[in-house]
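Asks: Hey, dropping protein-v9.pdb in here, PDB, C-alpha atoms:
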```
MODEL        1
ATOM      1  CA  MET A  99      10.332   8.247  -5.699
ATOM      2  CA  ASN A 100      11.563   9.964  -8.866
ATOM      3  CA  PRO A 101       9.455  13.063  -9.709
ATOM      4  CA  ASP A 102       8.549  11.665 -13.147
ATOM      5  CA  GLU A 103       7.022   8.616 -11.468
ATOM      6  CA  TYR A 104       4.592  10.815  -9.486
ATOM      7  CA  THR A 105       3.439  12.373 -12.744
ATOM      8  CA  LYS A 106       2.970   8.958 -14.320
ATOM      9  CA  MET A 107       1.069   7.772 -11.236
ATOM     10  CA  PHE A 108      -1.265  10.765 -11.325
ATOM     11  CA  GLU A 109      -2.026  10.145 -14.996
ATOM     12  CA  LEU A 110      -2.633   6.387 -14.621
ATOM     13  CA  GLU A 111      -3.885   5.474 -11.163
ATOM     14  CA  ASP A 112      -7.556   6.343 -11.696
ATOM     15  CA  HIS A 113      -7.931   3.674 -14.393
ATOM     16  CA  TYR A 114      -4.794   1.515 -14.756
ATOM     17  CA  TRP A 115      -5.478  -2.115 -13.826
ATOM     18  CA  TRP A 116      -2.707  -2.490 -11.253
ATOM     19  CA  PHE A 117      -3.676   0.631  -9.291
ATOM     20  CA  VAL A 118      -7.409  -0.120  -9.529
ATOM     21  CA  GLY A 119      -7.028  -3.749  -8.445
ATOM     22  CA  ARG A 120      -4.693  -2.913  -5.576
ATOM     23  CA  ARG A 121      -6.883  -0.238  -4.019
ATOM     24  CA  ARG A 122     -10.152  -2.187  -4.449
ATOM     25  CA  LEU A 123      -8.623  -5.161  -2.666
ATOM     26  CA  ALA A 124      -7.176  -3.004   0.135
ATOM     27  CA  ILE A 125     -10.320  -0.935   0.686
ATOM     28  CA  ASP A 126     -12.495  -4.055   0.710
ATOM     29  CA  LEU A 127     -10.226  -5.609   3.347
ATOM     30  CA  LEU A 128     -10.322  -2.387   5.353
ATOM     31  CA  LYS A 129     -14.134  -2.315   5.283
ATOM     32  CA  ASP A 130     -14.238  -5.988   6.295
ATOM     33  CA  HIS A 131     -12.124  -5.404   9.404
ATOM     34  CA  VAL A 132     -12.993  -1.881  10.603
ATOM     35  CA  THR A 133     -16.119  -1.827  12.755
ATOM     36  CA  VAL A 134     -16.179   1.914  13.515
ATOM     37  CA  THR A 135     -18.665   4.112  11.647
ATOM     38  CA  GLN A 136     -16.936   6.990   9.800
ATOM     39  CA  PRO A 137     -13.466   5.857  10.966
ATOM     40  CA  ASP A 138     -10.446   8.130  11.167
ATOM     41  CA  VAL A 139      -8.114   6.653   8.538
ATOM     42  CA  LEU A 140      -4.514   7.619   7.809
ATOM     43  CA  ASP A 141      -3.473   7.051   4.189
ATOM     44  CA  LEU A 142       0.222   6.456   4.787
ATOM     45  CA  GLY A 143       2.173   7.382   1.668
ATOM     46  CA  CYS A 144      -0.907   8.796  -0.022
ATOM     47  CA  GLY A 145       0.948   9.613  -3.255
ATOM     48  CA  THR A 146      -1.234  11.538  -5.695
ATOM     49  CA  GLY A 147      -4.424  10.943  -3.729
ATOM     50  CA  VAL A 148      -6.715   8.510  -5.513
ATOM     51  CA  VAL A 149      -7.014   6.167  -2.485
ATOM     52  CA  LEU A 150      -7.564   9.160  -0.210
ATOM     53  CA  HIS A 151     -10.308  10.386  -2.532
ATOM     54  CA  GLU A 152     -12.135   7.023  -2.390
ATOM     55  CA  LEU A 153     -11.751   6.758   1.380
ATOM     56  CA  ALA A 154     -13.522  10.120   1.746
ATOM     57  CA  GLU A 155     -16.755   8.493   0.546
ATOM     58  CA  TRP A 156     -17.159   6.545   3.820
ATOM     59  CA  ALA A 157     -14.371   7.535   6.227
ATOM     60  CA  ASN A 158     -12.624  10.558   7.696
ATOM     61  CA  PRO A 159      -9.252  10.256   5.952
ATOM     62  CA  ILE A 160      -5.981  12.140   6.333
ATOM     63  CA  GLY A 161      -3.221  11.802   3.759
ATOM     64  CA  LEU A 162       0.468  11.704   4.656
ATOM     65  CA  ASP A 163       3.392  11.752   2.256
ATOM     66  CA  MET A 164       6.921  13.101   2.385
ATOM     67  CA  SER A 165       6.735  14.540  -1.145
ATOM     68  CA  THR A 166       5.557  18.102  -1.737
ATOM     69  CA  LEU A 167       4.991  17.109  -5.380
ATOM     70  CA  ALA A 168       2.571  14.392  -4.246
ATOM     71  CA  MET A 169       0.775  16.916  -2.048
ATOM     72  CA  GLY A 170       0.330  19.169  -5.081
ATOM     73  CA  TYR A 171      -1.358  16.379  -7.020
ATOM     74  CA  CYS A 172      -3.605  15.629  -4.021
ATOM     75  CA  ARG A 173      -4.737  19.263  -3.994
ATOM     76  CA  GLN A 174      -5.621  18.935  -7.676
ATOM     77  CA  ARG A 175      -8.149  16.343  -6.491
ATOM     78  CA  SER A 176      -9.503  18.943  -4.015
ATOM     79  CA  LEU A 177      -8.056  17.022  -1.054
ATOM     80  CA  ARG A 178      -7.142  19.216   1.899
ATOM     81  CA  LYS A 179      -6.491  17.019   4.960
ATOM     82  CA  LEU A 180      -2.824  16.476   4.156
ATOM     83  CA  ILE A 181       0.358  16.138   6.210
ATOM     84  CA  ILE A 182       3.979  16.215   5.077
ATOM     85  CA  GLY A 183       5.879  13.641   7.089
ATOM     86  CA  ASP A 184       8.207  10.677   7.370
ATOM     87  CA  GLY A 185       6.699   7.213   7.834
ATOM     88  CA  ALA A 186       9.463   6.286  10.286
ATOM     89  CA  LYS A 187       8.620   9.280  12.495
ATOM     90  CA  LEU A 188       4.960  10.129  12.034
ATOM     91  CA  PRO A 189       3.889  13.677  12.985
ATOM     92  CA  VAL A 190       0.692  12.237  14.506
ATOM     93  CA  ALA A 191      -0.166  11.883  18.187
ATOM     94  CA  SER A 192      -0.477   8.402  19.669
ATOM     95  CA  GLU A 193      -3.796   6.546  19.422
ATOM     96  CA  GLN A 194      -5.414   8.974  16.992
ATOM     97  CA  MET A 195      -6.425   6.644  14.145
ATOM     98  CA  ASP A 196      -8.984   3.875  13.792
ATOM     99  CA  ALA A 197      -7.178   2.538  10.737
ATOM    100  CA  ILE A 198      -4.136   2.988   8.523
ATOM    101  CA  ILE A 199      -3.893   2.071   4.876
ATOM    102  CA  GLY A 200      -0.323   1.850   3.572
ATOM    103  CA  LEU A 201      -0.115   0.693  -0.040
ATOM    104  CA  ASP A 202       3.407   0.078  -1.311
ATOM    105  CA  ILE A 203       4.983   2.476   1.143
ATOM    106  CA  PHE A 204       7.016   0.421   3.660
ATOM    107  CA  GLU A 205       9.502  -0.666   0.985
ATOM    108  CA  HIS A 206      10.331   3.031   0.459
ATOM    109  CA  ILE A 207      11.320   3.516   4.116
ATOM    110  CA  GLU A 208      14.885   2.556   5.001
ATOM    111  CA  ASP A 209      14.035   1.779   8.645
ATOM    112  CA  ASP A 210      10.859  -0.193   8.013
ATOM    113  CA  ALA A 211      10.858  -1.615  11.554
ATOM    114  CA  ALA A 212      10.494   1.943  12.883
ATOM    115  CA  ALA A 213       7.689   2.597  10.385
ATOM    116  CA  PHE A 214       5.731  -0.473  11.538
ATOM    117  CA  ALA A 215       6.232   0.596  15.168
ATOM    118  CA  GLU A 216       4.996   4.094  14.336
ATOM    119  CA  ALA A 217       1.910   2.704  12.614
ATOM    120  CA  TYR A 218       1.166   0.710  15.767
ATOM    121  CA  ARG A 219       1.670   3.779  17.970
ATOM    122  CA  VAL A 220      -0.793   6.059  16.173
ATOM    123  CA  LEU A 221      -3.560   3.434  15.992
ATOM    124  CA  ARG A 222      -6.159   3.300  18.708
ATOM    125  CA  PRO A 223      -6.472  -0.004  20.584
ATOM    126  CA  GLY A 224      -8.246  -2.380  18.211
ATOM    127  CA  GLY A 225      -7.161  -0.284  15.217
ATOM    128  CA  ILE A 226      -6.507  -1.892  11.842
ATOM    129  CA  LEU A 227      -3.572  -1.643   9.435
ATOM    130  CA  VAL A 228      -4.057  -2.713   5.811
ATOM    131  CA  MET A 229      -0.825  -2.727   3.838
ATOM    132  CA  SER A 230       0.781  -3.956   0.652
ATOM    133  CA  VAL A 231       4.411  -4.279  -0.399
ATOM    134  CA  PRO A 232       6.199  -5.728  -3.444
ATOM    135  CA  ALA A 233       7.095  -9.414  -3.178
ATOM    136  CA  PHE A 234      10.185 -11.553  -3.801
ATOM    137  CA  ARG A 235      13.742 -10.241  -3.926
ATOM    138  CA  SER A 236      14.231 -12.271  -7.110
ATOM    139  CA  LEU A 237      11.971  -9.766  -8.927
ATOM    140  CA  TRP A 238      14.228  -6.838  -8.015
ATOM    141  CA  GLY A 239      15.077  -4.736 -11.057
ATOM    142  CA  PRO A 240      14.826  -1.335 -12.780
ATOM    143  CA  HIS A 241      11.216  -0.930 -11.606
ATOM    144  CA  ASP A 242      12.367  -0.985  -7.966
ATOM    145  CA  ILE A 243      15.288   1.333  -8.651
ATOM    146  CA  ALA A 244      13.078   3.893 -10.415
ATOM    147  CA  LEU A 245      10.622   3.840  -7.511
ATOM    148  CA  MET A 246      13.442   4.051  -4.937
ATOM    149  CA  HIS A 247      12.621   0.840  -3.088
ATOM    150  CA  PHE A 248      14.890  -0.473  -0.349
ATOM    151  CA  ARG A 249      13.579  -4.051  -0.461
ATOM    152  CA  ARG A 250      10.962  -6.570  -1.531
ATOM    153  CA  TYR A 251       9.283  -8.954   0.926
ATOM    154  CA  ARG A 252       7.987 -12.467   1.458
ATOM    155  CA  THR A 253       4.846 -12.997   3.526
ATOM    156  CA  LYS A 254       6.871 -14.448   6.406
ATOM    157  CA  GLU A 255       8.991 -11.268   6.511
ATOM    158  CA  VAL A 256       5.872  -9.077   6.620
ATOM    159  CA  ARG A 257       4.461 -11.208   9.429
ATOM    160  CA  LYS A 258       7.720 -10.934  11.367
ATOM    161  CA  ARG A 259       7.883  -7.139  11.038
ATOM    162  CA  LEU A 260       4.257  -6.719  12.084
ATOM    163  CA  GLU A 261       4.553  -9.062  15.064
ATOM    164  CA  GLU A 262       7.758  -7.349  16.228
ATOM    165  CA  ALA A 263       5.827  -4.061  16.240
ATOM    166  CA  GLY A 264       3.115  -5.644  18.418
ATOM    167  CA  PHE A 265       0.434  -6.357  15.825
ATOM    168  CA  VAL A 266      -1.813  -9.399  15.653
ATOM    169  CA  ILE A 267      -1.902 -10.717  12.082
ATOM    170  CA  LYS A 268      -5.409 -11.063  10.685
ATOM    171  CA  ARG A 269      -4.478 -11.803   7.060
ATOM    172  CA  ALA A 270      -1.264 -12.145   5.034
ATOM    173  CA  SER A 271      -1.422 -13.254   1.423
ATOM    174  CA  TYR A 272       0.344 -12.822  -1.857
ATOM    175  CA  SER A 273      -1.594 -10.923  -4.534
ATOM    176  CA  VAL A 274      -1.323 -10.396  -8.305
ATOM    177  CA  PHE A 275      -1.490 -14.183  -8.361
ATOM    178  CA  PHE A 276      -2.747 -15.039 -11.854
ATOM    179  CA  LEU A 277      -0.307 -12.732 -13.635
ATOM    180  CA  PHE A 278       2.693 -13.749 -11.565
ATOM    181  CA  PRO A 279       4.292 -16.055 -14.215
ATOM    182  CA  ILE A 280       4.062 -13.290 -16.820
ATOM    183  CA  ILE A 281       5.578 -10.770 -14.396
ATOM    184  CA  VAL A 282       8.481 -13.131 -13.630
ATOM    185  CA  VAL A 283       9.304 -13.421 -17.349
ATOM    186  CA  TRP A 284       8.828  -9.678 -17.888
ATOM    187  CA  ARG A 285      11.193  -8.786 -15.042
ATOM    188  CA  PHE A 286      13.784 -11.278 -16.326
ATOM    189  CA  PHE A 287      14.044  -9.432 -19.629
ATOM    190  CA  GLU A 288      13.598  -6.004 -18.047
ATOM    191  CA  LYS A 289      16.784  -6.518 -16.023
ATOM    192  CA  ARG A 290      18.722  -6.908 -19.266
ATOM    193  CA  LYS A 291      17.607  -3.613 -20.783
ATOM    194  CA  ARG A 292      20.095  -0.782 -20.979
ATOM    195  CA  GLY A 293      19.378   2.841 -20.144
ATOM    196  CA  PRO A 294      17.857   4.656 -17.159
ATOM    197  CA  ALA A 295      15.662   2.705 -14.762
ATOM    198  CA  LYS A 296      11.934   3.132 -15.324
ATOM    199  CA  ALA A 297       8.833   1.769 -13.609
ATOM    200  CA  SER A 298       7.254  -1.053 -15.598
ATOM    201  CA  LEU A 299       3.776   0.364 -16.146
ATOM    202  CA  VAL A 300       2.913  -0.569 -19.710
ATOM    203  CA  VAL A 301      -0.040   1.327 -21.187
ATOM    204  CA  LEU A 302      -2.584  -1.198 -22.469
ATOM    205  CA  PRO A 303      -5.594  -1.101 -24.803
ATOM    206  CA  LYS A 304      -8.802  -0.426 -22.870
ATOM    207  CA  VAL A 305     -10.241  -3.884 -23.463
ATOM    208  CA  MET A 306      -7.104  -5.547 -22.099
ATOM    209  CA  ASN A 307      -6.932  -3.147 -19.158
ATOM    210  CA  ASP A 308     -10.596  -3.868 -18.316
ATOM    211  CA  THR A 309      -9.947  -7.609 -18.565
ATOM    212  CA  LEU A 310      -7.063  -7.365 -16.107
ATOM    213  CA  ILE A 311      -9.221  -5.339 -13.705
ATOM    214  CA  ALA A 312     -11.842  -8.104 -13.853
ATOM    215  CA  LEU A 313      -9.109 -10.659 -13.168
ATOM    216  CA  GLN A 314      -7.941  -8.675 -10.150
ATOM    217  CA  ASN A 315     -11.528  -8.451  -8.902
ATOM    218  CA  LEU A 316     -11.749 -12.254  -9.101
ATOM    219  CA  GLU A 317      -8.503 -12.520  -7.181
ATOM    220  CA  ALA A 318      -9.815 -10.115  -4.523
ATOM    221  CA  ALA A 319     -12.848 -12.366  -4.058
ATOM    222  CA  MET A 320     -10.500 -15.326  -3.575
ATOM    223  CA  ILE A 321      -8.325 -13.450  -1.062
ATOM    224  CA  SER A 322     -11.446 -12.597   0.960
ATOM    225  CA  ARG A 323     -11.753 -16.347   1.597
ATOM    226  CA  PHE A 324      -8.194 -17.710   1.676
ATOM    227  CA  ASP A 325      -4.541 -16.737   1.276
ATOM    228  CA  LEU A 326      -2.785 -17.186  -2.060
ATOM    229  CA  PRO A 327       0.587 -18.992  -2.307
ATOM    230  CA  TRP A 328       2.397 -16.616  -4.674
ATOM    231  CA  GLY A 329       2.146 -13.244  -6.395
ATOM    232  CA  SER A 330       4.158 -10.114  -7.113
ATOM    233  CA  SER A 331       2.781  -8.312  -4.026
ATOM    234  CA  VAL A 332       2.066  -9.086  -0.389
ATOM    235  CA  ILE A 333      -1.192  -7.830   1.148
ATOM    236  CA  ALA A 334      -1.697  -7.948   4.913
ATOM    237  CA  VAL A 335      -4.224  -6.956   7.565
ATOM    238  CA  ALA A 336      -3.016  -6.476  11.138
ATOM    239  CA  GLN A 337      -4.621  -5.239  14.342
ATOM    240  CA  ARG A 338      -3.408  -3.435  17.396
ATOM    241  CA  LEU A 339      -4.602  -5.395  20.415
ATOM    242  CA  PRO A 340      -7.943  -3.986  21.660
ATOM    243  CA  SER A 341      -6.673  -4.165  25.259
ATOM    244  CA  ASP A 342      -3.302  -2.550  24.517
ATOM    245  CA  LYS A 343      -3.815   0.904  26.003
ATOM    246  CA  VAL A 344      -0.723   3.033  26.517
ATOM    247  CA  GLU A 345      -0.640   4.324  30.073
ATOM    248  CA  PRO A 346       0.054   8.060  30.457
ATOM    249  CA  HIS A 347       3.358   8.976  32.073
TER     250      HIS A 347
ENDMDL
END
```
Write the structure described by the file as structure tokens, please.
Replies:
Amino acid sequence: MNPDEYTKMFELEDHYWWFVGRRRLAIDLLKDHVTVTQPDVLDLGCGTGVVLHELAEWANPIGLDMSTLAMGYCRQRSLRKLIIGDGAKLPVASEQMDAIIGLDIFEHIEDDAAAFAEAYRVLRPGGILVMSVPAFRSLWGPHDIALMHFRRYRTKEVRKRLEEAGFVIKRASYSVFFLFPIIVVWRFFEKRKRGPAKASLVVLPKVMNDTLIALQNLEAAMISRFDLPWGSSVIAVAQRLPSDKVEPH
């Protein structure tokens, strides 16, 4: 990811509607599916650390990112359990984690199949992966270029990748459902802008930002009950088989 985007993330992710809605949904899903008390959780692609900070309230989290700049921002939040590493080759021993949370990280990894396999490897039997990725190739544009994405996904592609890695799919839904028509129009015009690629994070008045957070909270309540048919993101929950124990060689 471009260095300027890390700075923007650090400045916005505590309060900006998209970041707030995404992490509340993911953490709620994680809590719904993890049965271990004080679980060991890997925040895969922890960025500037806001998810890691919230996980510390009820879990034993470790943050991993390949950016030293991101690690610096995490330390500004007084986070210390941090690892520099590549998602396609995790510097973590097998079967060490009760859960992994990977929010908008797999699209940044060129060999995403290897990254899904690595996530499976480091989970303990019965471990849970909660992940999100951007949806629909048709939305590809300057936002993806600025954030150095390799791809966008459909739910069926996420399911396929997870199943190929050995996971059992617990949930797979689109998210950012209500705002999807607006995002489609926005991206259409964004593609026609000239100049350097930038992430499309538009600063909003507080009242509008709070309204969008409330809308995302409503959507999260819906996703807790059923999958949504469209949205600008895919959210998924997958489990390593409880009986799948790797035999020592």
Asks: Please measure the separation of atom CA of A:Arg338 and atom CA of A:His131, giving the value in Å to one decimal.
Replies: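 Result for atom CA of A:Arg338 versus atom CA of A:His131: 12.0 Å, one decimal.
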Asks: Can you pull out the residues contacting A:Gln174? Cut-off 10 Å, using all atoms listed in the file, and skip same-chain residues under 6 positions away; I want them as number ranges by chain.
Replies: A: 108, 146-147, 168
Asks: If you apply the PyMOL selection byres ((chain A and resi 197-207) around 6) to this file, what residues do you get, as an NGL selection string?
Replies: :A and (139-143 or 195-196 or 208-210 or 225-231 or 247-249)
Asks: I need the residue nearest A:Ala312 from this list: A:Met164, A:Leu326, A:Phe276, A:Ala124. Use all atoms listed in the file for the distance.
Replies: A:Phe276
Asks: Tell me which of A:Ala244, A:Met169, A:Met306, A:Leu177 sits closest to A:Leu153, counting all atoms listed in the file.
Replies: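 Of A:Ala244, A:Met169, A:Met306, A:Leu177, the one nearest A:Leu153 is A:Leu177, counting all atoms listed in the file.
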Asks: On this structure, which residues satisfy the PyMOL selection byres ((chain A and resi 102) around 12), written as JSON, numbers by chain?
Replies: {"A": [99, 100, 101, 103, 104, 105, 106, 107, 108, 109, 167, 168, 244, 245, 295, 296, 297]}
Asks: Write a file of the just-selected residues containing C-alpha atoms, as an mmCIF file, in the frame of the given file.
Replies:
```
data_model
loop_
_atom_site.group_PDB
_atom_site.id
_atom_site.type_symbol
_atom_site.label_atom_id
_atom_site.label_comp_id
_atom_site.auth_asym_id
_atom_site.auth_seq_id
_atom_site.Cartn_x
_atom_site.Cartn_y
_atom_site.Cartn_z
ATOM 1 C CA MET A 99 10.332 8.247 -5.699
ATOM 2 C CA ASN A 100 11.563 9.964 -8.866
ATOM 3 C CA PRO A 101 9.455 13.063 -9.709
ATOM 4 C CA GLU A 103 7.022 8.616 -11.468
ATOM 5 C CA TYR A 104 4.592 10.815 -9.486
ATOM 6 C CA THR A 105 3.439 12.373 -12.744
ATOM 7 C CA LYS A 106 2.970 8.958 -14.320
ATOM 8 C CA MET A 107 1.069 7.772 -11.236
ATOM 9 C CA PHE A 108 -1.265 10.765 -11.325
ATOM 10 C CA GLU A 109 -2.026 10.145 -14.996
ATOM 11 C CA LEU A 167 4.991 17.109 -5.380
ATOM 12 C CA ALA A 168 2.571 14.392 -4.246
ATOM 13 C CA ALA A 244 13.078 3.893 -10.415
ATOM 14 C CA LEU A 245 10.622 3.840 -7.511
ATOM 15 C CA ALA A 295 15.662 2.705 -14.762
ATOM 16 C CA LYS A 296 11.934 3.132 -15.324
ATOM 17 C CA ALA A 297 8.833 1.769 -13.609
#
```
Asks: Within 10 Å of A:Val274, counting only C-alpha atoms, which residues show up once you throw out same-chain ones fewer than 2 positions away? Write them as a ChimeraX atom specification, please.
Replies: /A:116,119-120,233,272,276-279,281,313-314,317-318,326,328-333
Asks: I'd like the residues picked by the PyMOL selection byres ((chain A and resi 223) around 8) written out as a list in words, using the chain letters and numbers from the file.
Replies: Glu193, Leu221, Arg222, Gly224, Gly225, Arg338, Leu339, Pro340, Ser341, Asp342 and Lys343 of chain A
Asks: Please compute the atom CA of A:Gly183-atom CA of A:Asp163 distance, one decimal, in Å.
Replies: 5.8 Å
Asks: What is the atom CA of A:Ala270 to atom CA of A:Asn307 distance in Å?
Replies: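 According to the coordinates, atom CA of A:Ala270 and atom CA of A:Asn307 are separated by 26.4 Å.
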